[in-house]
Amino acid sequence: MFVGLAWFVPLLLGLPRSFLAADTPGSYLGDLGVWARFVVAIGAFVLAEQQVERGLRIKLGQFLKAPLIAPGSVAPFAQAVTTALERRDSRVAEAVCLVLAIVAAVVAFANTHAATVSSWAVEVSPDGNRLTLTAWWMVFVSQPLFVFLLLRGLWRHFVWAQLLRRIARLELRLVATHPDGNGGLAFLASYPNAYVLFIFGVSAAIGAAVAKHLLQESLTSTTFSIIAGGWLVVVLALFAYPLSAFSKPLAELKEKSLLMLGTQATRYQRLNERKILGTNVAAESADEAQQQADDIADPTKQFETTRKLSAMLLNRSAIVPVAAAALLPIAAAGATILPYKEVFSVLKKLLLL
């Protein structure tokens, strides 16, 4: 329905001009920006909403199923979730998104009206430019709808990010020797994959804009690498922001656990040394002589596991799908100018970083 409103209705309003061949200059069907924003992006934004909600709900439920929330923090956790849900559904926030969408429509009108070449959107003449009926629909419906859905998705991710940062400040039941290597929080590292469709939609719009610009400019593989790499950094930063909040508690967990396990290891190894040699090589103590090695468990395995604990939840293996969704539309834009082999080489290097 949304794609129909944003793309198909303008197609009908522009008949018969809309059905000009896609390679005809100024053709509606040949406008990459129209396809990217009003078909791919809007469709992706709408489809992504359920995927995002389901994915985040599963991640959030894991905090209680594990359980990772300490008994004293259950009430603050519930309050944080309630607040996040209220912010997610805030009418004020959606009204702000709508206002910004209207501002974007005004900007789109100004840019379209200032065109110097006739197209499906504007008829240029000595008497002044005149927007077509298709363009007026785009200004008042299609463009505001695209911007509104984009800002709404970003706002909801910001709410989720703030929720995670609040949870990170609660008392969590983490364990340094957890087999996931993140104290029990590794399940959160893959949450960006719920945003694959959303990121793909945004990247499609950006890729179309880049392709439109590149058709009028020359492009080198170095410049393309900078464009693709810069966009990938922006996408990763979007997800690194909420996940970075858990770096502090994980780092503190690792530090305290290593100190305690180190203390235990010293006691165990000295008792074991005395059991084998009959005495301690360094600083023999009468008090230690009364203890038995069997009274203390060997903490070696726990110590080695704890040393491998990572305080960073954002890792390459967990974000490859969302990184690919961010880069593929940009790569498609680059392929309009550069050889496919060069584009593929850049894409491969960025995904392997």
# chains A, B, ... in the order shown; residues from 1 in each chain; ligands from 1
>>> select_by_dssp(residues="segment 52-238 of chain A", states="alpha helix (DSSP H)", output="PyMOL selection string")
chain A and resi 52-65+74-88+91-113+133-137+143-168+196-214+221-238
>>> residues_around(residues="Leu188 of chain A", least_positions_apart="5", cutoff="8 Å", atoms="only C-alpha atoms", output="count of residues only")
3
>>> residues_around(residues="segment 133-145 of chain A", least_positions_apart="6", cutoff="8 Å", atoms="only C-alpha atoms", output="PDB file with C-alpha atoms, in the first residue's frame")
ATOM      1  CA  LEU A   5       0.979   5.492  -2.771  1.00  0.00           C
ATOM      2  CA  ALA A   6       4.567   6.626  -3.172  1.00  0.00           C
ATOM      3  CA  TRP A   7       5.449   5.133  -6.572  1.00  0.00           C
ATOM      4  CA  PRO A  10       2.678   9.127  -9.492  1.00  0.00           C
ATOM      5  CA  LEU A  11       3.195   6.672 -12.361  1.00  0.00           C
ATOM      6  CA  LEU A  13      -0.634  10.629 -12.800  1.00  0.00           C
ATOM      7  CA  GLY A  14       2.175  10.980 -15.329  1.00  0.00           C
ATOM      8  CA  PHE A  38       9.757   5.037  -3.190  1.00  0.00           C
ATOM      9  CA  ILE A  42       9.765   2.456   1.617  1.00  0.00           C
ATOM     10  CA  LEU A  98       6.216  14.375  10.417  1.00  0.00           C
ATOM     11  CA  ALA A 101       9.287  15.177   6.673  1.00  0.00           C
ATOM     12  CA  ILE A 102       7.319  18.256   5.617  1.00  0.00           C
ATOM     13  CA  ALA A 104      12.173  17.731   3.528  1.00  0.00           C
ATOM     14  CA  ALA A 105       9.241  18.065   1.122  1.00  0.00           C
ATOM     15  CA  VAL A 106       9.774  21.831   0.948  1.00  0.00           C
ATOM     16  CA  ALA A 108      12.477  18.697  -2.509  1.00  0.00           C
ATOM     17  CA  PHE A 109      10.095  21.223  -4.043  1.00  0.00           C
ATOM     18  CA  TRP A 120       9.045  13.798 -15.586  1.00  0.00           C
ATOM     19  CA  ALA A 121       9.039  16.201 -12.614  1.00  0.00           C
ATOM     20  CA  VAL A 122       9.364  19.635 -14.187  1.00  0.00           C
TER      21      VAL A 122
END
>>> closest_residue(among="A:Ala84, A:Val40, A:Ala194, A:Leu47", to="Phe146 of chain A", atoms="only C-alpha atoms")
A:Val40
>>> closest_atom_pairs(of="segment 283-335 of chain A", to="segment 170-180 of chain A", cutoff="12 Å", atoms="only C-alpha atoms", output="JSON lines")
{"residue": "A:Pro299", "atom": "CA", "partner": "A:Thr177", "partner_atom": "CA", "distance": 11.0}
{"residue": "A:Thr300", "atom": "CA", "partner": "A:Thr177", "partner_atom": "CA", "distance": 11.5}
{"residue": "A:Lys301", "atom": "CA", "partner": "A:Thr177", "partner_atom": "CA", "distance": 9.0}
{"residue": "A:Gln302", "atom": "CA", "partner": "A:Thr177", "partner_atom": "CA", "distance": 6.1}
{"residue": "A:Phe303", "atom": "CA", "partner": "A:Thr177", "partner_atom": "CA", "distance": 8.1}
{"residue": "A:Glu304", "atom": "CA", "partner": "A:Thr177", "partner_atom": "CA", "distance": 8.8}
{"residue": "A:Thr305", "atom": "CA", "partner": "A:Thr177", "partner_atom": "CA", "distance": 5.6}
{"residue": "A:Thr306", "atom": "CA", "partner": "A:Thr177", "partner_atom": "CA", "distance": 5.3}
{"residue": "A:Arg307", "atom": "CA", "partner": "A:Ala176", "partner_atom": "CA", "distance": 8.7}
{"residue": "A:Lys308", "atom": "CA", "partner": "A:Thr177", "partner_atom": "CA", "distance": 8.8}
{"residue": "A:Leu309", "atom": "CA", "partner": "A:Ala176", "partner_atom": "CA", "distance": 6.6}
{"residue": "A:Ser310", "atom": "CA", "partner": "A:Ala176", "partner_atom": "CA", "distance": 9.4}
{"residue": "A:Ala311", "atom": "CA", "partner": "A:Ala176", "partner_atom": "CA", "distance": 10.3}
{"residue": "A:Leu313", "atom": "CA", "partner": "A:Asp180", "partner_atom": "CA", "distance": 10.7}
>>> residues_around(residues="Asp31 of chain A", least_positions_apart="4", cutoff="9 Å", atoms="only C-alpha atoms", output="list in words")
Ala22, Gly26, Ser27, Trp35, Ala36, Ala208 and Lys212 of chain A
